[in-house]
$ cat coords.tsv   # TSV, C-alpha atoms and all ligand atoms
chain	number	residue	atom	x	y	z
Z	1	MET	CA	0.00	0.00	0.00
Z	2	SER	CA	1.21	3.50	-0.65
Z	3	ILE	CA	-0.08	6.91	0.32
Z	4	ILE	CA	0.12	10.15	-1.64
Z	5	ILE	CA	0.27	13.45	0.23
Z	6	PHE	CA	-0.78	16.54	-1.72
Z	7	GLY	CA	0.92	19.59	-0.22
Z	8	ALA	CA	3.84	17.72	1.35
Z	9	SER	CA	5.83	20.96	1.07
Z	10	GLY	CA	3.60	22.59	3.69
Z	11	PHE	CA	3.68	22.42	7.49
Z	12	ILE	CA	1.33	19.50	8.17
Z	13	GLY	CA	1.98	17.70	4.88
Z	14	GLY	CA	5.75	17.85	5.52
Z	15	LYS	CA	5.38	16.40	9.02
Z	16	LEU	CA	3.07	13.66	7.72
Z	17	TYR	CA	5.45	12.82	4.88
Z	18	ASN	CA	8.40	12.43	7.28
Z	19	TYR	CA	6.43	10.55	9.94
Z	20	LEU	CA	4.78	8.05	7.60
Z	21	SER	CA	8.02	7.47	5.63
Z	22	GLU	CA	9.98	6.93	8.87
Z	23	ASN	CA	7.32	4.44	9.97
Z	24	GLY	CA	7.75	2.15	7.01
Z	25	LYS	CA	5.00	3.45	4.71
Z	26	LYS	CA	5.58	3.99	1.01
Z	27	VAL	CA	4.82	7.70	0.65
Z	28	ILE	CA	4.66	9.97	-2.38
Z	29	GLY	CA	4.48	13.72	-1.82
Z	30	THR	CA	3.68	16.77	-3.93
Z	31	TYR	CA	4.51	20.48	-3.87
Z	32	ASN	CA	3.10	23.45	-5.75
Z	33	ASN	CA	5.38	26.52	-5.56
Z	34	SER	CA	8.01	25.27	-3.10
Z	35	PRO	CA	10.02	22.41	-4.66
Z	36	ARG	CA	11.58	19.92	-2.25
Z	37	ASP	CA	13.83	16.93	-2.96
Z	38	GLY	CA	11.79	13.86	-3.82
Z	39	LEU	CA	8.45	15.67	-4.18
Z	40	LEU	CA	6.46	15.79	-7.44
Z	41	HIS	CA	4.79	18.90	-8.79
Z	42	PHE	CA	0.99	19.02	-8.50
Z	43	ASN	CA	-1.26	22.05	-8.89
Z	44	LEU	CA	-4.86	21.72	-7.70
Z	45	GLU	CA	-6.26	23.71	-10.58
Z	46	SER	CA	-4.28	22.35	-13.50
Z	47	SER	CA	-2.49	19.06	-12.76
Z	48	ASP	CA	-3.78	15.61	-13.64
Z	49	LEU	CA	-3.30	12.71	-11.27
Z	50	GLU	CA	-2.93	10.29	-14.13
Z	51	LYS	CA	0.01	12.28	-15.52
Z	52	LEU	CA	2.05	11.89	-12.31
Z	53	GLU	CA	4.87	9.37	-12.64
Z	54	VAL	CA	3.45	7.03	-10.02
Z	55	ASN	CA	1.68	3.69	-10.00
Z	56	LEU	CA	-1.85	4.76	-9.07
Z	57	GLU	CA	-2.95	1.15	-8.58
Z	58	GLU	CA	-0.65	0.88	-5.56
Z	59	ILE	CA	-2.06	3.95	-3.83
Z	60	GLN	CA	-4.81	3.49	-1.25
Z	61	TYR	CA	-5.06	6.93	0.38
Z	62	GLY	CA	-4.65	10.49	-0.94
Z	63	ILE	CA	-4.10	12.96	1.90
Z	64	ILE	CA	-5.08	16.47	0.82
Z	65	CYS	CA	-3.03	19.09	2.66
Z	66	SER	CA	-2.97	21.40	-0.37
Z	67	ALA	CA	-4.87	24.62	0.15
Z	68	ILE	CA	-4.51	28.37	0.36
Z	69	THR	CA	-4.60	28.53	4.14
Z	70	ASN	CA	-4.49	32.25	4.94
Z	71	MET	CA	-8.08	32.92	5.98
Z	72	ASP	CA	-8.06	36.67	5.42
Z	73	TYR	CA	-6.56	36.10	1.95
Z	74	CYS	CA	-9.55	33.83	1.25
Z	75	LYS	CA	-11.79	36.84	1.90
Z	76	THR	CA	-9.76	39.43	0.01
Z	77	ASN	CA	-9.05	37.09	-2.94
Z	78	GLU	CA	-12.28	35.19	-3.08
Z	79	THR	CA	-12.22	34.18	-6.76
Z	80	GLU	CA	-8.64	32.89	-6.74
Z	81	THR	CA	-9.03	30.99	-3.46
Z	82	TYR	CA	-12.42	29.52	-4.48
Z	83	LYS	CA	-10.79	28.13	-7.63
Z	84	ASN	CA	-8.07	26.43	-5.55
Z	85	ASN	CA	-9.74	25.54	-2.27
Z	86	VAL	CA	-13.10	24.46	-3.68
Z	87	LEU	CA	-13.03	23.79	-7.43
Z	88	GLY	CA	-9.43	22.49	-7.55
Z	89	THR	CA	-9.88	20.35	-4.44
Z	90	ILE	CA	-13.12	18.80	-5.70
Z	91	ARG	CA	-11.43	18.21	-9.06
Z	92	LEU	CA	-8.66	16.30	-7.25
Z	93	ILE	CA	-11.15	14.32	-5.14
Z	94	LYS	CA	-13.00	13.24	-8.30
Z	95	GLN	CA	-9.70	12.01	-9.77
Z	96	LEU	CA	-8.94	10.12	-6.53
Z	97	PHE	CA	-12.39	8.47	-6.54
Z	98	HIS	CA	-11.95	7.56	-10.21
Z	99	ASN	CA	-8.73	5.72	-9.31
Z	100	ASN	CA	-10.19	4.02	-6.19
Z	101	ILE	CA	-8.03	6.10	-3.85
Z	102	THR	CA	-9.65	7.18	-0.56
Z	103	PRO	CA	-9.31	10.93	0.04
Z	104	ILE	CA	-8.36	12.24	3.47
Z	105	PHE	CA	-9.34	15.91	3.55
Z	106	PHE	CA	-8.19	18.39	6.19
Z	107	SER	CA	-11.07	20.61	7.18
Z	108	THR	CA	-11.35	23.14	9.96
Z	109	ASP	CA	-13.19	24.15	13.14
Z	110	TYR	CA	-14.15	27.29	11.18
Z	111	VAL	CA	-16.98	25.39	9.46
Z	112	PHE	CA	-18.85	26.33	12.68
Z	113	ASP	CA	-20.08	29.80	13.62
Z	114	GLY	CA	-18.42	29.77	17.05
Z	115	ASP	CA	-21.54	30.69	19.02
Z	116	LYS	CA	-21.56	27.66	21.32
Z	117	GLY	CA	-18.23	25.72	21.20
Z	118	ASN	CA	-17.76	22.00	21.92
Z	119	TYR	CA	-18.99	21.15	18.41
Z	120	ASP	CA	-19.26	17.48	17.56
Z	121	GLU	CA	-19.62	15.78	14.18
Z	122	THR	CA	-23.44	15.95	14.32
Z	123	ASP	CA	-23.64	19.72	14.85
Z	124	ASP	CA	-24.92	21.97	12.08
Z	125	ARG	CA	-22.24	23.87	10.20
Z	126	SER	CA	-22.70	27.57	9.45
Z	127	PRO	CA	-19.33	29.22	8.77
Z	128	VAL	CA	-19.02	32.96	9.26
Z	129	LEU	CA	-15.79	33.43	7.31
Z	130	LYS	CA	-14.88	32.68	3.67
Z	131	TYR	CA	-12.19	30.09	4.49
Z	132	GLY	CA	-14.75	28.13	6.53
Z	133	GLU	CA	-17.35	28.42	3.73
Z	134	GLN	CA	-14.82	27.02	1.25
Z	135	LYS	CA	-13.98	24.07	3.52
Z	136	LYS	CA	-17.69	23.38	4.11
Z	137	GLU	CA	-18.33	23.18	0.38
Z	138	VAL	CA	-15.67	20.47	-0.01
Z	139	GLU	CA	-17.04	18.66	3.07
Z	140	ASP	CA	-20.51	18.73	1.44
Z	141	PHE	CA	-19.14	17.22	-1.75
Z	142	LEU	CA	-17.50	14.37	0.18
Z	143	MET	CA	-20.52	13.77	2.40
Z	144	GLN	CA	-22.81	13.48	-0.61
Z	145	SER	CA	-20.43	11.29	-2.63
Z	146	ASN	CA	-21.52	7.84	-1.37
Z	147	LYS	CA	-17.84	6.90	-1.48
Z	148	LYS	CA	-15.28	6.14	1.23
Z	149	PHE	CA	-13.57	9.28	2.55
Z	150	ILE	CA	-12.09	10.75	5.71
Z	151	ILE	CA	-12.67	14.35	6.76
Z	152	ALA	CA	-10.28	15.28	9.58
Z	153	ARG	CA	-11.42	18.55	11.15
Z	154	ILE	CA	-8.40	20.14	12.76
Z	155	ALA	CA	-7.62	23.43	14.51
Z	156	LYS	CA	-4.61	25.56	15.42
Z	157	VAL	CA	-1.97	22.93	14.86
Z	158	TYR	CA	1.37	23.86	16.44
Z	159	GLY	CA	4.92	22.58	16.21
Z	160	LEU	CA	7.78	22.81	18.67
Z	161	LYS	CA	10.55	23.79	16.30
Z	162	LEU	CA	11.84	27.36	16.60
Z	163	ASN	CA	10.84	29.58	13.67
Z	164	ASP	CA	8.23	27.11	12.37
Z	165	GLY	CA	5.71	29.95	12.26
Z	166	THR	CA	3.16	28.19	14.45
Z	167	LEU	CA	1.32	29.30	17.59
Z	168	LEU	CA	3.73	28.71	20.50
Z	169	THR	CA	7.00	29.40	18.71
Z	170	THR	CA	5.60	32.61	17.19
Z	171	LEU	CA	4.43	33.80	20.60
Z	172	TYR	CA	7.87	32.98	22.01
Z	173	ASP	CA	9.55	34.91	19.23
Z	174	GLU	CA	7.36	37.97	19.64
Z	175	LEU	CA	7.79	38.07	23.41
Z	176	ILE	CA	11.57	37.72	23.41
Z	177	ASN	CA	11.63	40.55	20.88
Z	178	GLY	CA	9.88	42.70	23.50
Z	179	LYS	CA	6.53	43.04	21.75
Z	180	THR	CA	3.32	43.97	23.52
Z	181	LEU	CA	0.70	41.46	22.44
Z	182	ARG	CA	-3.04	42.04	22.63
Z	183	TYR	CA	-4.74	38.68	22.95
Z	184	THR	CA	-8.45	38.01	23.29
Z	185	THR	CA	-10.07	36.69	26.47
Z	186	ASP	CA	-13.34	35.86	24.64
Z	187	GLN	CA	-11.97	33.73	21.80
Z	188	PHE	CA	-11.40	30.04	22.50
Z	189	ILE	CA	-9.34	27.47	20.58
Z	190	SER	CA	-8.07	23.89	20.99
Z	191	PRO	CA	-4.39	23.96	20.07
Z	192	THR	CA	-3.19	20.58	18.84
Z	193	TYR	CA	0.37	19.30	18.60
Z	194	VAL	CA	1.37	18.35	15.04
Z	195	GLY	CA	3.15	15.23	16.37
Z	196	ASP	CA	-0.25	14.05	17.69
Z	197	LEU	CA	-1.98	14.88	14.43
Z	198	VAL	CA	0.31	12.75	12.28
Z	199	MET	CA	-0.13	9.77	14.63
Z	200	ALA	CA	-3.90	10.34	14.62
Z	201	ILE	CA	-4.03	10.19	10.82
Z	202	GLU	CA	-1.97	6.99	10.82
Z	203	LEU	CA	-4.48	5.52	13.33
Z	204	LEU	CA	-7.49	6.45	11.17
Z	205	ILE	CA	-5.83	4.61	8.29
Z	206	LYS	CA	-4.75	1.60	10.38
Z	207	LYS	CA	-8.18	1.16	11.94
Z	208	LYS	CA	-9.92	1.63	8.57
Z	209	LEU	CA	-12.14	4.38	9.94
Z	210	TYR	CA	-14.10	6.47	7.44
Z	211	GLY	CA	-16.33	9.55	7.62
Z	212	CYS	CA	-15.91	12.79	9.53
Z	213	TYR	CA	-13.75	13.07	12.67
Z	214	ASN	CA	-12.80	16.03	14.81
Z	215	VAL	CA	-9.09	15.47	15.43
Z	216	VAL	CA	-8.11	18.06	18.04
Z	217	SER	CA	-6.84	18.12	21.58
Z	218	PRO	CA	-9.79	18.08	24.02
Z	219	GLU	CA	-8.34	21.06	25.96
Z	220	SER	CA	-9.55	24.56	25.19
Z	221	PHE	CA	-8.11	27.93	26.12
Z	222	SER	CA	-8.70	31.60	25.41
Z	223	ARG	CA	-6.01	33.05	23.19
Z	224	PHE	CA	-5.03	35.36	26.07
Z	225	LYS	CA	-4.53	32.37	28.41
Z	226	ILE	CA	-2.28	30.65	25.85
Z	227	ALA	CA	-0.10	33.75	25.48
Z	228	GLN	CA	0.10	34.07	29.28
Z	229	LEU	CA	1.09	30.40	29.62
Z	230	VAL	CA	3.82	30.78	26.99
Z	231	LYS	CA	5.23	33.79	28.85
Z	232	SER	CA	5.16	32.17	32.30
Z	233	LYS	CA	6.09	28.58	31.38
Z	234	LEU	CA	8.99	29.64	29.15
Z	235	ARG	CA	10.03	32.19	31.81
Z	236	ILE	CA	10.20	35.06	29.36
Z	237	SER	CA	10.86	38.36	31.11
Z	238	THR	CA	10.52	40.59	28.02
Z	239	GLY	CA	7.36	41.58	26.16
Z	240	GLU	CA	3.88	41.89	27.55
Z	241	VAL	CA	0.55	40.13	27.10
Z	242	VAL	CA	-2.42	42.47	27.33
Z	243	PRO	CA	-6.01	41.18	27.46
Z	244	CYS	CA	-8.58	42.46	24.99
Z	245	LEU	CA	-11.92	41.48	23.46
Z	246	LEU	CA	-12.54	40.28	19.92
Z	247	LYS	CA	-14.57	43.43	19.24
Z	248	ASP	CA	-11.42	45.53	19.96
Z	249	LEU	CA	-9.56	43.99	17.00
Z	250	THR	CA	-10.12	44.35	13.25
Z	251	PHE	CA	-9.43	41.75	10.56
Z	252	PRO	CA	-10.35	41.62	6.87
Z	253	ASP	CA	-12.72	38.73	7.62
Z	254	LYS	CA	-14.85	37.83	10.64
Z	255	ARG	CA	-13.54	35.74	13.52
Z	256	PRO	CA	-15.76	33.23	15.33
Z	257	LYS	CA	-15.56	33.27	19.15
Z	258	ASN	CA	-15.61	29.65	20.22
Z	259	THR	CA	-15.07	26.96	17.60
Z	260	CYS	CA	-13.64	24.41	20.02
Z	261	LEU	CA	-14.32	20.91	18.74
Z	262	ASN	CA	-15.43	17.86	20.67
Z	263	SER	CA	-13.10	15.00	19.69
Z	264	ASN	CA	-14.83	12.22	21.70
Z	265	LYS	CA	-15.80	10.30	18.56
Z	266	PHE	CA	-12.15	10.03	17.50
Z	267	ILE	CA	-10.89	9.31	21.04
Z	268	GLU	CA	-13.49	6.59	21.61
Z	269	ALA	CA	-12.72	4.95	18.26
Z	270	THR	CA	-8.95	4.93	18.75
Z	271	GLY	CA	-8.12	5.37	22.45
Z	272	PHE	CA	-5.72	8.14	21.43
Z	273	LYS	CA	-4.29	10.42	24.14
Z	274	PHE	CA	-3.52	13.97	23.02
Z	275	THR	CA	-0.52	15.84	24.40
Z	276	LEU	CA	-1.49	18.51	26.94
Z	277	LEU	CA	-0.50	22.08	26.18
Z	278	GLU	CA	1.49	22.31	29.42
Z	279	SER	CA	3.54	19.24	28.41
Z	280	SER	CA	4.25	20.83	25.03
Z	281	LEU	CA	5.42	23.98	26.76
Z	282	ASP	CA	7.72	21.89	28.99
Z	283	ALA	CA	9.10	20.24	25.84
Z	284	LEU	CA	9.59	23.63	24.21
Z	285	ARG	CA	11.49	24.84	27.27
Z	286	TYR	CA	13.91	21.92	26.81
Z	287	VAL	CA	14.31	22.79	23.11
Z	288	LEU	CA	15.11	26.39	24.09
Z	289	ASN	CA	17.57	25.34	26.82
Z	290	ASP	CA	19.39	23.22	24.24
Z	291	THR	CA	19.39	26.04	21.67
Z	292	LEU	CA	20.37	28.99	23.87
Z	301	LIG	N1	-2.25	24.47	10.31
Z	301	LIG	C1	-3.43	24.54	10.94
Z	301	LIG	O1	-3.51	24.95	12.12
Z	301	LIG	C2	-4.69	24.13	10.23
Z	301	LIG	C3	-5.94	24.27	10.89
Z	301	LIG	C4	-7.10	23.87	10.24
Z	301	LIG	C5	-7.03	23.33	8.95
Z	301	LIG	N2	-5.83	23.23	8.33
Z	301	LIG	C6	-5.80	22.66	6.98
Z	301	LIG	O2	-4.79	21.65	6.91
Z	301	LIG	C7	-4.19	21.64	5.60
Z	301	LIG	C8	-2.67	21.79	5.73
Z	301	LIG	O3	-2.40	23.00	6.41
Z	301	LIG	P1	-0.90	23.56	6.60
Z	301	LIG	O4	-0.92	24.39	7.81
Z	301	LIG	O5	0.09	22.46	6.47
Z	301	LIG	O6	-0.82	24.52	5.33
Z	301	LIG	P2	0.47	25.18	4.62
Z	301	LIG	O7	1.69	25.02	5.46
Z	301	LIG	O8	0.02	26.55	4.22
Z	301	LIG	O9	0.67	24.28	3.31
Z	301	LIG	C9	-0.22	24.36	2.26
Z	301	LIG	C10	0.22	23.39	1.19
Z	301	LIG	O10	-0.68	23.53	0.09
Z	301	LIG	C11	0.07	23.62	-1.12
Z	301	LIG	N3	-0.71	24.39	-2.09
Z	301	LIG	C12	-1.15	25.67	-1.99
Z	301	LIG	N4	-1.83	26.03	-3.09
Z	301	LIG	C13	-1.82	24.95	-3.92
Z	301	LIG	C14	-2.32	24.69	-5.22
Z	301	LIG	N5	-2.99	25.60	-5.91
Z	301	LIG	N6	-2.11	23.46	-5.76
Z	301	LIG	C15	-1.43	22.51	-5.09
Z	301	LIG	N7	-0.91	22.70	-3.86
Z	301	LIG	C16	-1.09	23.90	-3.29
Z	301	LIG	C17	1.36	24.32	-0.71
Z	301	LIG	O11	2.37	24.04	-1.67
Z	301	LIG	P3	3.62	25.02	-1.95
Z	301	LIG	O12	4.05	25.55	-0.61
Z	301	LIG	O13	4.63	24.10	-2.57
Z	301	LIG	O14	3.14	26.07	-2.89
Z	301	LIG	C18	1.63	23.64	0.64
Z	301	LIG	O15	2.28	22.41	0.44
Z	301	LIG	C19	-4.86	22.78	4.84
Z	301	LIG	O16	-5.94	22.26	4.11
Z	301	LIG	C20	-5.40	23.68	5.93
Z	301	LIG	O17	-6.53	24.41	5.50
Z	301	LIG	C21	-4.67	23.62	8.93
$ encode --input "coords.tsv" --output "structure tokens" --more "lines below"
Ligand SMILES: NC(=O)c1ccc[n+]([C@@H]2O[C@H](COP(=O)([O-])OP(=O)(O)OC[C@H]3O[C@@H](n4cnc5c(N)ncnc54)[C@H](OP(=O)(O)O)[C@@H]3O)[C@@H](O)[C@H]2O)c1
Amino acid sequence: MSIIIFGASGFIGGKLYNYLSENGKKVIGTYNNSPRDGLLHFNLESSDLEKLEVNLEEIQYGIICSAITNMDYCKTNETETYKNNVLGTIRLIKQLFHNNITPIFFSTDYVFDGDKGNYDETDDRSPVLKYGEQKKEVEDFLMQSNKKFIIARIAKVYGLKLNDGTLLTTLYDELINGKTLRYTTDQFISPTYVGDLVMAIELLIKKKLYGCYNVVSPESFSRFKIAQLVKSKLRISTGEVVPCLLKDLTFPDKRPKNTCLNSNKFIEATGFKFTLLESSLDALRYVLNDTL
């Protein structure tokens, strides 16, 4: 069996590619604008699966990490991002179905409006921002396909490598550079460690689970609390974290308040234990001690 990862040049796709390859899987990966050794070029809008130099008959799963992921850009460049994130993605899924390859699609907590939080897989979706609308449209296509698929809804995935541009390391960077950060006390998220996510995807495959799963850490925090924890746990004396409300900030697109996901369905099906945020911060402190 082999697995193809579309968008293996990105953050999650790259981690998945390395993890699955290191764990004995035969993995093929693609890039779009950022070539990497060993990856094949694939563009959502224009490339054809059947033209890739791979044996499609050997491939069982196609993991779709390819997307334009900047949510405000999805609002300000609606036509371009719709072509990629919706039309191009559905075009790829159709090609996967045609070749009997099961798609694994990364969706988002932003398919929900954020009014209540603790959303499970049975809750109604009503996105308030463009990026969430685009993801919902692809989810709809999969859900109505009558084919095997996996939708993994994920949220605020972080790494522990300095300068990886994710939540904790970015906060660390900004604070040591003496910045004053305004973080919301009324916006709640479930940050999830990328090392957990790649293992979770491997488990979905191994256990032959299909359908929609929320794959996030069951903890939830306000953004302000996360910034405070980073500052205190990493013992950063510079910079400042100042509380504010969502209404005090302006963005090109709306921001939902509480899109925390309930991941009980996934946890019950797999027995998986997510890493706690405090443990990740302890691990990051070790990384920093080694680096400094
Ligand atoms: N990271 C999170 O916290 C998070 C949360 C919720 C959902 N997600 C979803 O998870 C998936 C992976 O996210 P990520 O954080 O790893 O994203 P990322 O780092 O921004 O990577 C995006 C990937 O998509 C590729 N790509 C972009 N436009 C493309 C196109 N037109 N055709 C083909 N490939 C294209 C990029 O290729 P090049 O770089 O080579 O151009 C890159 O490999 C995305 O679907 C994202 O929406 C992520």
$ closest_residue --input "coords.tsv" --among "Z:Pro218, Z:Gly239, Z:Pro256, Z:Gly271" --to "Z:Tyr110" --atoms "only C-alpha atoms"
Z:Pro256
$ closest_residue --input "coords.tsv" --among "Z:Val242, Z:Lys207, Z:Glu133, Z:Lys233" --to "Z:Thr180" --atoms "all atoms listed in the file"
Z:Val242
$ closest_residue --input "coords.tsv" --among "Z:Ile104, Z:Val157, Z:Leu249, Z:Leu209" --to "ligand LIG 301 (chain Z)" --atoms "all atoms listed in the file"
Z:Val157
$ closest_atom_pairs --input "coords.tsv" --of "chain Z" --to "ligand LIG 301 (chain Z)" --cutoff "7 Å" --atoms "all atoms listed in the file" --output "tab-separated table"
residue	atom	partner	partner_atom	distance
Z:Phe6	CA	Z:LIG301	N7	6.5
Z:Gly7	CA	Z:LIG301	O15	3.2
Z:Ala8	CA	Z:LIG301	O15	5.0
Z:Ser9	CA	Z:LIG301	O15	3.9
Z:Gly10	CA	Z:LIG301	O9	3.4
Z:Phe11	CA	Z:LIG301	O5	3.7
Z:Ile12	CA	Z:LIG301	O5	3.6
Z:Gly13	CA	Z:LIG301	O5	5.4
Z:Tyr31	CA	Z:LIG301	O13	3.8
Z:Asn32	CA	Z:LIG301	O13	3.6
Z:Asn33	CA	Z:LIG301	O14	3.5
Z:Ser34	CA	Z:LIG301	O13	3.6
Z:Pro35	CA	Z:LIG301	O13	6.0
Z:Phe42	CA	Z:LIG301	C15	5.4
Z:Asn43	CA	Z:LIG301	N6	3.5
Z:Leu44	CA	Z:LIG301	N6	3.8
Z:Glu45	CA	Z:LIG301	N5	6.0
Z:Ile64	CA	Z:LIG301	O16	6.7
Z:Cys65	CA	Z:LIG301	C7	4.1
Z:Ser66	CA	Z:LIG301	O10	3.2
Z:Ala67	CA	Z:LIG301	O10	4.3
Z:Ile68	CA	Z:LIG301	C12	4.9
Z:Thr69	CA	Z:LIG301	O17	4.7
Z:Asn84	CA	Z:LIG301	N5	5.2
Z:Phe106	CA	Z:LIG301	O2	4.8
Z:Ser107	CA	Z:LIG301	C5	5.2
Z:Thr108	CA	Z:LIG301	C4	4.3
Z:Asp109	CA	Z:LIG301	C4	6.8
Z:Arg153	CA	Z:LIG301	C5	6.9
Z:Ile154	CA	Z:LIG301	C4	4.7
Z:Ala155	CA	Z:LIG301	C3	4.1
Z:Lys156	CA	Z:LIG301	O1	3.5
Z:Val157	CA	Z:LIG301	O1	3.7
Z:Tyr158	CA	Z:LIG301	O1	6.6
$ residues_around --input "coords.tsv" --residues "Z:Gln95" --least-positions-apart "3" --cutoff "8 Å" --atoms "only C-alpha atoms" --output "list in words"
Asp48, Leu49, Arg91, Leu92, His98 and Asn99 of chain Z
$ atom_distance --input "coords.tsv" --atom1 "atom CA of Z:Val230" --atom2 "atom CA of Z:Ser263"
24.3 Å
$ atom_distance --input "coords.tsv" --atom1 "atom CA of Z:Arg223" --atom2 "atom CA of Z:Thr184"
5.5 Å
$ closest_residue --input "coords.tsv" --among "Z:Phe272, Z:Tyr213, Z:Tyr82, Z:Tyr172" --to "Z:Ala200" --atoms "only C-alpha atoms"
Z:Phe272
$ atom_distance --input "coords.tsv" --atom1 "atom CA of Z:Met71" --atom2 "atom CA of Z:Leu129"
7.8 Å
$ closest_residue --input "coords.tsv" --among "Z:Thr102, Z:Ser280, Z:Asn18, Z:Ser220" --to "Z:Gln60" --atoms "all atoms listed in the file"
Z:Thr102
$ residues_near_point --input "coords.tsv" --point "(-15.2, 22.9, 7.3)" --cutoff "12 Å" --atoms "only C-alpha atoms" --output "ChimeraX atom specification"
/Z:85-86,105-113,119,121,123-143,151-155,212-214,259,261
$ residues_around --input "coords.tsv" --residues "Z:Leu160" --least-positions-apart "3" --cutoff "12 Å" --atoms "all atoms listed in the file" --output "MDAnalysis selection string"
chainID Z and resid 11 15 157 163:172 192:196 277 279:288
$ residues_near_point --input "coords.tsv" --point "(-11.4, 22.1, 24.1)" --cutoff "9 Å" --atoms "only C-alpha atoms" --output "mmCIF file with C-alpha atoms, in the coordinates of the input"
data_model
loop_
_atom_site.group_PDB
_atom_site.id
_atom_site.type_symbol
_atom_site.label_atom_id
_atom_site.label_comp_id
_atom_site.auth_asym_id
_atom_site.auth_seq_id
_atom_site.Cartn_x
_atom_site.Cartn_y
_atom_site.Cartn_z
ATOM 1 C CA GLY Z 117 -18.230 25.720 21.200
ATOM 2 C CA ASN Z 118 -17.760 22.000 21.920
ATOM 3 C CA PHE Z 188 -11.400 30.040 22.500
ATOM 4 C CA ILE Z 189 -9.340 27.470 20.580
ATOM 5 C CA SER Z 190 -8.070 23.890 20.990
ATOM 6 C CA PRO Z 191 -4.390 23.960 20.070
ATOM 7 C CA VAL Z 216 -8.110 18.060 18.040
ATOM 8 C CA SER Z 217 -6.840 18.120 21.580
ATOM 9 C CA PRO Z 218 -9.790 18.080 24.020
ATOM 10 C CA GLU Z 219 -8.340 21.060 25.960
ATOM 11 C CA SER Z 220 -9.550 24.560 25.190
ATOM 12 C CA PHE Z 221 -8.110 27.930 26.120
ATOM 13 C CA THR Z 259 -15.070 26.960 17.600
ATOM 14 C CA CYS Z 260 -13.640 24.410 20.020
ATOM 15 C CA LEU Z 261 -14.320 20.910 18.740
ATOM 16 C CA ASN Z 262 -15.430 17.860 20.670
ATOM 17 C CA SER Z 263 -13.100 15.000 19.690
#
$ closest_residue --input "coords.tsv" --among "Z:Met199, Z:Phe224, Z:Arg235, Z:Lys254" --to "Z:Thr270" --atoms "only C-alpha atoms"
Z:Met199
$ decode --input "coords.tsv" --residues "stretch 287-291 of chain Z" --atoms "all heavy atoms" --output "PDB file, in the first residue's frame"
ATOM      1  N   VAL Z 287      13.751  22.427  24.432  1.00  0.00           N
ATOM      2  CA  VAL Z 287      14.308  22.793  23.110  1.00  0.00           C
ATOM      3  C   VAL Z 287      15.076  24.106  23.245  1.00  0.00           C
ATOM      4  O   VAL Z 287      16.203  24.250  22.771  1.00  0.00           O
ATOM      5  CB  VAL Z 287      13.180  22.946  22.060  1.00  0.00           C
ATOM      6  CG1 VAL Z 287      13.725  23.485  20.745  1.00  0.00           C
ATOM      7  CG2 VAL Z 287      12.450  21.629  21.828  1.00  0.00           C
ATOM      8  N   LEU Z 288      14.488  25.072  23.963  1.00  0.00           N
ATOM      9  CA  LEU Z 288      15.109  26.385  24.095  1.00  0.00           C
ATOM     10  C   LEU Z 288      16.391  26.291  24.915  1.00  0.00           C
ATOM     11  O   LEU Z 288      17.405  26.897  24.579  1.00  0.00           O
ATOM     12  CB  LEU Z 288      14.141  27.361  24.772  1.00  0.00           C
ATOM     13  CG  LEU Z 288      12.907  27.696  23.936  1.00  0.00           C
ATOM     14  CD1 LEU Z 288      11.870  28.438  24.749  1.00  0.00           C
ATOM     15  CD2 LEU Z 288      13.311  28.511  22.712  1.00  0.00           C
ATOM     16  N   ASN Z 289      16.372  25.494  25.991  1.00  0.00           N
ATOM     17  CA  ASN Z 289      17.575  25.340  26.820  1.00  0.00           C
ATOM     18  C   ASN Z 289      18.714  24.763  26.007  1.00  0.00           C
ATOM     19  O   ASN Z 289      19.864  25.139  26.168  1.00  0.00           O
ATOM     20  CB  ASN Z 289      17.285  24.434  28.029  1.00  0.00           C
ATOM     21  CG  ASN Z 289      16.448  25.182  29.055  1.00  0.00           C
ATOM     22  OD1 ASN Z 289      16.359  26.409  29.021  1.00  0.00           O
ATOM     23  ND2 ASN Z 289      15.823  24.440  29.953  1.00  0.00           N
ATOM     24  N   ASP Z 290      18.371  23.835  25.090  1.00  0.00           N
ATOM     25  CA  ASP Z 290      19.392  23.223  24.242  1.00  0.00           C
ATOM     26  C   ASP Z 290      19.936  24.217  23.225  1.00  0.00           C
ATOM     27  O   ASP Z 290      21.081  24.167  22.829  1.00  0.00           O
ATOM     28  CB  ASP Z 290      18.788  22.052  23.448  1.00  0.00           C
ATOM     29  CG  ASP Z 290      18.806  20.784  24.273  1.00  0.00           C
ATOM     30  OD1 ASP Z 290      19.353  20.822  25.392  1.00  0.00           O
ATOM     31  OD2 ASP Z 290      18.259  19.768  23.789  1.00  0.00           O
ATOM     32  N   THR Z 291      19.033  25.129  22.764  1.00  0.00           N
ATOM     33  CA  THR Z 291      19.395  26.036  21.672  1.00  0.00           C
ATOM     34  C   THR Z 291      20.183  27.242  22.189  1.00  0.00           C
ATOM     35  O   THR Z 291      21.072  27.738  21.529  1.00  0.00           O
ATOM     36  CB  THR Z 291      18.114  26.538  20.976  1.00  0.00           C
ATOM     37  OG1 THR Z 291      17.248  25.438  20.804  1.00  0.00           O
ATOM     38  CG2 THR Z 291      18.421  27.175  19.632  1.00  0.00           C
TER      39      THR Z 291
END
